[in-house]
Amino acid sequence: MVRVTEQTDGTTMGTDRSGALPKSWDPRAVEAELYQGWVDAGYFTADPDSDKPAYSIVLPPPNVTGQLHMGHALDHTLMDSLVRRKRMQGYEVLWLPGMDHAGIATQTKVEAMLKETEGKDRYDYGREEFIAKVWEWKEQYGGTITGQMRAIGDSVDWSRERFTLDEGLSRAVQTIFKELFDRGLVYRANRLVNWSPVLETAVSDIEVVYKDVEGELVSFRYGSMNDDEPHIIVATTRLETMLGDVAIAVHPDDARYADLVGQTLPHPFRDDLSLVVVADDYVDPEFGSGAVKITPAHDPNDYALGLRHDLDMPTIMDATGHIADTGTRFDGLTREEARVAVREALAEQGRIVAEKRPYLHSVGHSERSGEPIEPRLSLQWFVKVDELAQMAGDAIRSGDTEIHPESMEPRYFDWVDNMHDWTISRQLWWGHRIPIWYGPDGEVVCVGPDEQAPEGYTQDPDVLDTWFSSALWPFSTMGWPEKTPELAKFYPTTVLVTAYDILFFWVARMMMFGTFAAKITPEVLGTGQDGRPEIPFEHLFLHGLVRDEHGRKMSKSLGNGIDPMDWVDRFGADALRFTLARGANPGTDLPVGEDAAQSSRNFATKLFNATKFALMNGAEVGDLPAREELTDADRWILDRLEQVREKVDAYFDDYQFAKANEELYHFAWDEFCDWYLEIAKTQIPREGASREGRNTQLVLGRVLDVLLRLLHPAMPFVTEVLWKALTDNESIVLAAWPTAAETTDGAALDEVAARRIADAEKLITEIRRFRSDQGVKPSQKVPATIDFAAADLTPLETAVRSLAKVETPADGFEESASIELRLSQATIAVALDTSGTVDVAAERKRLEKDLAAAHKELEGTAKKLSNEAFLSKAPDAVVEKIRTRQQVAQEEVERITARLEALK
């Protein structure tokens, strides 16, 4: 139905255009089609030839094996909020997507699949055929997450999607490896690394998770069994490692062992080893016996001590974690089997001094394969990080890159200023193969992307750590080392958005390689401030981790994980996004639960209903009349809109997503929907026409227009549907970001209007509370006298009477109740006649029931507060809570008693 009414000046009121919207908001019915429409229209495709200012983000590449989890959903929501706003602000935006080949994760998954389906492992195929199998798996099953990204509305430029093993990125990896090698920044050495016996490869620190396990602490004796002869007692949780012990360390000032320092003790099982007693400050003389066994090849602390004292470092395990090359009867046993066998053998010799079990201690486990990590001396390739880490630190210190929040800077500096050389080789087949070739006589050649290895040379079998290629992500994805229009337009990127937990593993490494790449190819990447190397991103925003509603880490063992796609299906993508954006404070973890998602779903529905109401009542977008022609409510809502717009802009610029969206939520719900829309109903006449009504329709349209655009970054789908219905324009994606000119156009805020609205709200709220206390039916109007002139509320009398459900009294009005209320301009009395509107008997029965409950609460709290035993044990917060309950109960008794007296 369309309603058109004519004003006295010949113009027409707005028409009912609510038919442009469906009957109710059902996100599942529209989201997929809307998203595909945006992609097909090319709204997200970046143009490097544009003369608009550039804004760019590269998506932290999810694993090709991965699925969207809550951390991804938060990360993507925040990035999408930034790029959608920047498009609306007139920037040429590139949000570049892609995936990581995820060396260990992908190879493990494919090997498991082949084992299950064909009963074969990778060695049954050989390297080339196995890699072909992985590519087949990638094409068929990889990239599930890209479909999920579409489902939540990621406005990425799909035409530029990259993969860390594609041809261009492989060229970038070879280029930077050779540059590092030629400058002596890459080298091969035997070093202690995290080793996975199941995967048979070195793994990075980020792929090690620590778990508390119940083991045993065994104390045993080295040296003579005669107490009068040289001997030392040591303790360990990994008894099998004693097969590789080469020393016993004591503190230099420990008088108990001063005579033994420099002496050697025989090994109980190995004739080829003896244990030298060394003095080192690393040892705590107060802990245990004050002596520590040293196995340099299987413990990081022991390795460091071994380097200081130039100790031998025999490896006692093979790549699968079996004891090997010790020349003892333990060879061939697993670590666990050897732990038992060595204990039994020591017991036979009478060397066991004490056993403590269970003994709870922290053990590193492989994140991918689940077994305990073995620190193992191994021949690996390393990046020498001193120079690179210095450049990465200087980029932050000089302000080339800003960290948000600033409080995260110390953690960054603590990492880059104390970084150890980086293990970059992995004993896998899936990944970037290390471009090193070995000649028949031991020659070593590094082959660049445009070079060929000499005849008869053999390539290194290892591949590079996945973090090596992803460290090049900001510039390799745009074509480096070639000079491309994308690099010229969009590099350095504007901001990197990521969780703080990978600050060290990925962010610092991108800074290292980004500054290094700029240093060696300044003609491609440009030069930064004062001739310093260009940085990969100008801003670094670190958000927290998503946790459950109780603040616990989400995990399978706790069963508290949340699948974001489940929320999308049940509540809609906007609800998922708004829940996350509304809780995203910089650097702070975010607890979420289903109640929050339901609340966001309700908010989307509220926006839908508000827009539909506005359209039913003729709201439309057009030029606003002069401010003096507007009502107090119209001026107030426009002023509030401008205040909110200004705050939201400031919050977005400071990456304060939670504050920006919280501001919008409360303005939309508490002020626009709960108050202005209700007042607007009284200003838009049901019949006839008025200039005031026409003005309100235009204000309604303007506020909704601006509000929907402000909400679009976090809630793209519902705002698209509502904004198109309101404006008849192509898409909100193309709309301009709101400015002050659209709200107050620079006019001073109307303080009188704000005061009047605040007083009217207070008056209406108090009358509503009184009516509720009196048991007056919501639909029942009550006669009341109110001195609107004294309160300076005459312009709002119609609105107050309508919203408070009070009417002008007839002649012969008799007051039966009154309210006294202090407002800004005066204390006013509201006289009401509630006679005949209250069912006295029913109201008395209800009040008596409430009074009984209040008395019971009063008695219960009094009993607890008089119990001395309880007061002496209970925490202060608990006692204070009970006192508060007692006070509330006492007030309820007095209020209800007074009401019962009034009913007589």
# chains A, B, ... in the order shown; residues from 1 in each chain; ligands from 1
call {"tool": "closest_atom_pairs", "arguments": {"of": "segment 672-779 of chain A", "to": "segment 595-609 of chain A", "cutoff": "9 Å", "atoms": "only C-alpha atoms", "output": "tab-separated table"}}
result
residue	atom	partner	partner_atom	distance
A:Cys673	CA	A:Lys606	CA	8.0
A:Leu708	CA	A:Leu607	CA	8.7
A:Met715	CA	A:Ala604	CA	8.3
A:Val718	CA	A:Ala604	CA	6.8
A:Thr719	CA	A:Leu607	CA	8.6
A:Val721	CA	A:Phe608	CA	9.0
A:Leu722	CA	A:Phe608	CA	6.9
call {"tool": "select_by_dssp", "arguments": {"residues": "segment 413-565 of chain A", "states": "helix (DSSP H, G or I)", "output": "NGL selection string"}}
result
:A and (413-416 or 466-470 or 473-476 or 485-490 or 500-520 or 522-525 or 529-531 or 564-565)
call {"tool": "write_last_selection", "arguments": {"atoms": "C-alpha atoms", "output": "PDB file, in the first residue's frame"}}
result
ATOM      1  CA  PHE A 413      61.678  -5.475  20.830  1.00  0.00           C
ATOM      2  CA  ASP A 414      62.276  -8.262  23.340  1.00  0.00           C
ATOM      3  CA  TRP A 415      61.988 -10.717  20.462  1.00  0.00           C
ATOM      4  CA  VAL A 416      63.930  -8.977  17.688  1.00  0.00           C
ATOM      5  CA  THR A 466      56.728 -22.461   5.531  1.00  0.00           C
ATOM      6  CA  TRP A 467      57.410 -19.252   7.474  1.00  0.00           C
ATOM      7  CA  PHE A 468      60.248 -18.484   5.021  1.00  0.00           C
ATOM      8  CA  SER A 469      57.925 -18.029   2.048  1.00  0.00           C
ATOM      9  CA  SER A 470      55.182 -16.374   4.115  1.00  0.00           C
ATOM     10  CA  TRP A 473      54.006 -12.353   1.548  1.00  0.00           C
ATOM     11  CA  PRO A 474      53.420  -8.544   1.526  1.00  0.00           C
ATOM     12  CA  PHE A 475      55.587  -7.973  -1.559  1.00  0.00           C
ATOM     13  CA  SER A 476      55.948 -11.372  -3.277  1.00  0.00           C
ATOM     14  CA  PRO A 485      52.071  -1.589 -11.132  1.00  0.00           C
ATOM     15  CA  GLU A 486      50.729  -3.225  -7.959  1.00  0.00           C
ATOM     16  CA  LEU A 487      53.979  -2.653  -6.066  1.00  0.00           C
ATOM     17  CA  ALA A 488      54.169   0.910  -7.337  1.00  0.00           C
ATOM     18  CA  LYS A 489      50.596   1.661  -6.223  1.00  0.00           C
ATOM     19  CA  PHE A 490      49.975  -0.458  -3.139  1.00  0.00           C
ATOM     20  CA  TYR A 500      49.401 -10.875  18.933  1.00  0.00           C
ATOM     21  CA  ASP A 501      50.394 -14.546  19.386  1.00  0.00           C
ATOM     22  CA  ILE A 502      52.256 -14.646  16.054  1.00  0.00           C
ATOM     23  CA  LEU A 503      54.001 -11.318  16.585  1.00  0.00           C
ATOM     24  CA  PHE A 504      57.318 -13.163  16.809  1.00  0.00           C
ATOM     25  CA  PHE A 505      56.904 -15.997  14.349  1.00  0.00           C
ATOM     26  CA  TRP A 506      55.481 -14.187  11.360  1.00  0.00           C
ATOM     27  CA  VAL A 507      55.356 -10.431  11.891  1.00  0.00           C
ATOM     28  CA  ALA A 508      58.991 -10.010  12.887  1.00  0.00           C
ATOM     29  CA  ARG A 509      60.101 -12.204   9.989  1.00  0.00           C
ATOM     30  CA  MET A 510      58.100 -10.164   7.483  1.00  0.00           C
ATOM     31  CA  MET A 511      59.786  -7.055   8.840  1.00  0.00           C
ATOM     32  CA  MET A 512      63.187  -8.732   8.476  1.00  0.00           C
ATOM     33  CA  PHE A 513      62.683  -9.888   4.900  1.00  0.00           C
ATOM     34  CA  GLY A 514      60.718  -6.794   3.888  1.00  0.00           C
ATOM     35  CA  THR A 515      63.479  -4.397   4.887  1.00  0.00           C
ATOM     36  CA  PHE A 516      66.103  -6.718   3.389  1.00  0.00           C
ATOM     37  CA  ALA A 517      64.246  -6.966   0.057  1.00  0.00           C
ATOM     38  CA  ALA A 518      63.922  -3.170  -0.074  1.00  0.00           C
ATOM     39  CA  LYS A 519      67.630  -2.831   0.629  1.00  0.00           C
ATOM     40  CA  ILE A 520      68.646  -5.126  -2.254  1.00  0.00           C
ATOM     41  CA  PRO A 522      65.293  -0.273  -3.957  1.00  0.00           C
ATOM     42  CA  GLU A 523      64.336   0.307  -7.588  1.00  0.00           C
ATOM     43  CA  VAL A 524      61.437  -2.141  -7.128  1.00  0.00           C
ATOM     44  CA  LEU A 525      60.229  -1.476  -3.597  1.00  0.00           C
ATOM     45  CA  GLN A 529      62.111   7.767   5.097  1.00  0.00           C
ATOM     46  CA  ASP A 530      65.603   9.314   5.217  1.00  0.00           C
ATOM     47  CA  GLY A 531      66.953   6.636   2.900  1.00  0.00           C
ATOM     48  CA  PRO A 564      31.824 -19.672  13.186  1.00  0.00           C
ATOM     49  CA  MET A 565      30.005 -21.254  10.254  1.00  0.00           C
TER      50      MET A 565
END
call {"tool": "residues_around", "arguments": {"residues": "Gln380 of chain A", "least_positions_apart": "6", "cutoff": "9 Å", "atoms": "only C-alpha atoms", "output": "list in words"}}
result
Tyr187, Arg188, Ala189, Asn190, Arg191, Val193, Ala202, Thr423, Ile424, Ser425, Arg426 and Asp462 of chain A
call {"tool": "residues_around", "arguments": {"residues": "segment 359-367 of chain A", "least_positions_apart": "5", "cutoff": "6 Å", "atoms": "only C-alpha atoms", "output": "number ranges by chain"}}
result
A: 207-216, 372-373
call {"tool": "write_last_selection", "arguments": {"atoms": "N, CA and C atoms", "output": "PDB file, in the first residue's frame"}}
result
ATOM      1  N   GLU A 207      55.197 -24.514  16.233  1.00  0.00           N
ATOM      2  CA  GLU A 207      54.552 -25.816  16.054  1.00  0.00           C
ATOM      3  C   GLU A 207      54.785 -26.740  17.241  1.00  0.00           C
ATOM      4  N   VAL A 208      55.255 -26.155  18.354  1.00  0.00           N
ATOM      5  CA  VAL A 208      55.450 -26.911  19.589  1.00  0.00           C
ATOM      6  C   VAL A 208      54.478 -26.381  20.634  1.00  0.00           C
ATOM      7  N   VAL A 209      53.658 -27.274  21.188  1.00  0.00           N
ATOM      8  CA  VAL A 209      52.733 -26.898  22.245  1.00  0.00           C
ATOM      9  C   VAL A 209      53.153 -27.618  23.527  1.00  0.00           C
ATOM     10  N   TYR A 210      53.075 -26.907  24.638  1.00  0.00           N
ATOM     11  CA  TYR A 210      53.529 -27.475  25.904  1.00  0.00           C
ATOM     12  C   TYR A 210      52.352 -27.972  26.717  1.00  0.00           C
ATOM     13  N   LYS A 211      52.511 -29.212  27.244  1.00  0.00           N
ATOM     14  CA  LYS A 211      51.463 -29.837  28.038  1.00  0.00           C
ATOM     15  C   LYS A 211      52.061 -30.356  29.339  1.00  0.00           C
ATOM     16  N   ASP A 212      51.282 -30.260  30.411  1.00  0.00           N
ATOM     17  CA  ASP A 212      51.699 -30.867  31.666  1.00  0.00           C
ATOM     18  C   ASP A 212      51.420 -32.363  31.600  1.00  0.00           C
ATOM     19  N   VAL A 213      52.464 -33.169  31.837  1.00  0.00           N
ATOM     20  CA  VAL A 213      52.310 -34.627  31.791  1.00  0.00           C
ATOM     21  C   VAL A 213      52.799 -35.224  33.103  1.00  0.00           C
ATOM     22  N   GLU A 214      52.247 -36.366  33.432  1.00  0.00           N
ATOM     23  CA  GLU A 214      52.684 -37.089  34.623  1.00  0.00           C
ATOM     24  C   GLU A 214      53.800 -38.054  34.225  1.00  0.00           C
ATOM     25  N   GLY A 215      54.995 -37.790  34.697  1.00  0.00           N
ATOM     26  CA  GLY A 215      56.136 -38.651  34.415  1.00  0.00           C
ATOM     27  C   GLY A 215      56.765 -39.130  35.704  1.00  0.00           C
ATOM     28  N   GLU A 216      58.079 -39.244  35.684  1.00  0.00           N
ATOM     29  CA  GLU A 216      58.801 -39.661  36.878  1.00  0.00           C
ATOM     30  C   GLU A 216      60.095 -38.864  36.988  1.00  0.00           C
ATOM     31  N   PRO A 372      55.786 -36.194  21.901  1.00  0.00           N
ATOM     32  CA  PRO A 372      56.739 -35.271  22.529  1.00  0.00           C
ATOM     33  C   PRO A 372      57.864 -34.901  21.554  1.00  0.00           C
ATOM     34  N   ILE A 373      58.184 -33.642  21.530  1.00  0.00           N
ATOM     35  CA  ILE A 373      59.282 -33.154  20.700  1.00  0.00           C
ATOM     36  C   ILE A 373      60.610 -33.624  21.298  1.00  0.00           C
TER      37      ILE A 373
END
call {"tool": "closest_residue", "arguments": {"among": "A:Ala102, A:Met70, A:Ala297, A:Ala804", "to": "Ser555 of chain A", "atoms": "only C-alpha atoms"}}
result
A:Met70
call {"tool": "closest_residue", "arguments": {"among": "A:Ala829, A:Glu451, A:Thr328, A:Gly812", "to": "Gln174 of chain A", "atoms": "only C-alpha atoms"}}
result
A:Glu451
call {"tool": "select_by_dssp", "arguments": {"residues": "segment 430-583 of chain A", "states": "strand (DSSP E)", "output": "PyMOL selection string"}}
result
chain A and resi 436-438+444-446+458-459+463-464+493-499+537-543+546-548
call {"tool": "closest_residue", "arguments": {"among": "A:Ser289, A:Ala172, A:Met478, A:Ala347", "to": "Trp95 of chain A", "atoms": "only C-alpha atoms"}}
result
A:Met478
call {"tool": "residues_around", "arguments": {"residues": "segment 312-323 of chain A", "least_positions_apart": "3", "cutoff": "8 Å", "atoms": "only C-alpha atoms", "output": "VMD selection string"}}
result
chain A and resid 196 to 198 200 to 201 241 243 to 244 246 295 to 298 306 326 330 to 335 338 374 376 to 377
call {"tool": "residues_around", "arguments": {"residues": "Val447 of chain A", "least_positions_apart": "3", "cutoff": "8 Å", "atoms": "only C-alpha atoms", "output": "PyMOL selection string"}}
result
chain A and resi 174+178+435-437+451-453
call {"tool": "residues_around", "arguments": {"residues": "Ile732 of chain A", "least_positions_apart": "6", "cutoff": "8 Å", "atoms": "only C-alpha atoms", "output": "list in words"}}
result
Arg709, His712, Thr719, Glu720, Trp723 and Lys724 of chain A
call {"tool": "closest_residue", "arguments": {"among": "A:Thr477, A:Gln656, A:Ser369, A:Gln349", "to": "Leu96 of chain A", "atoms": "only C-alpha atoms"}}
result
A:Thr477
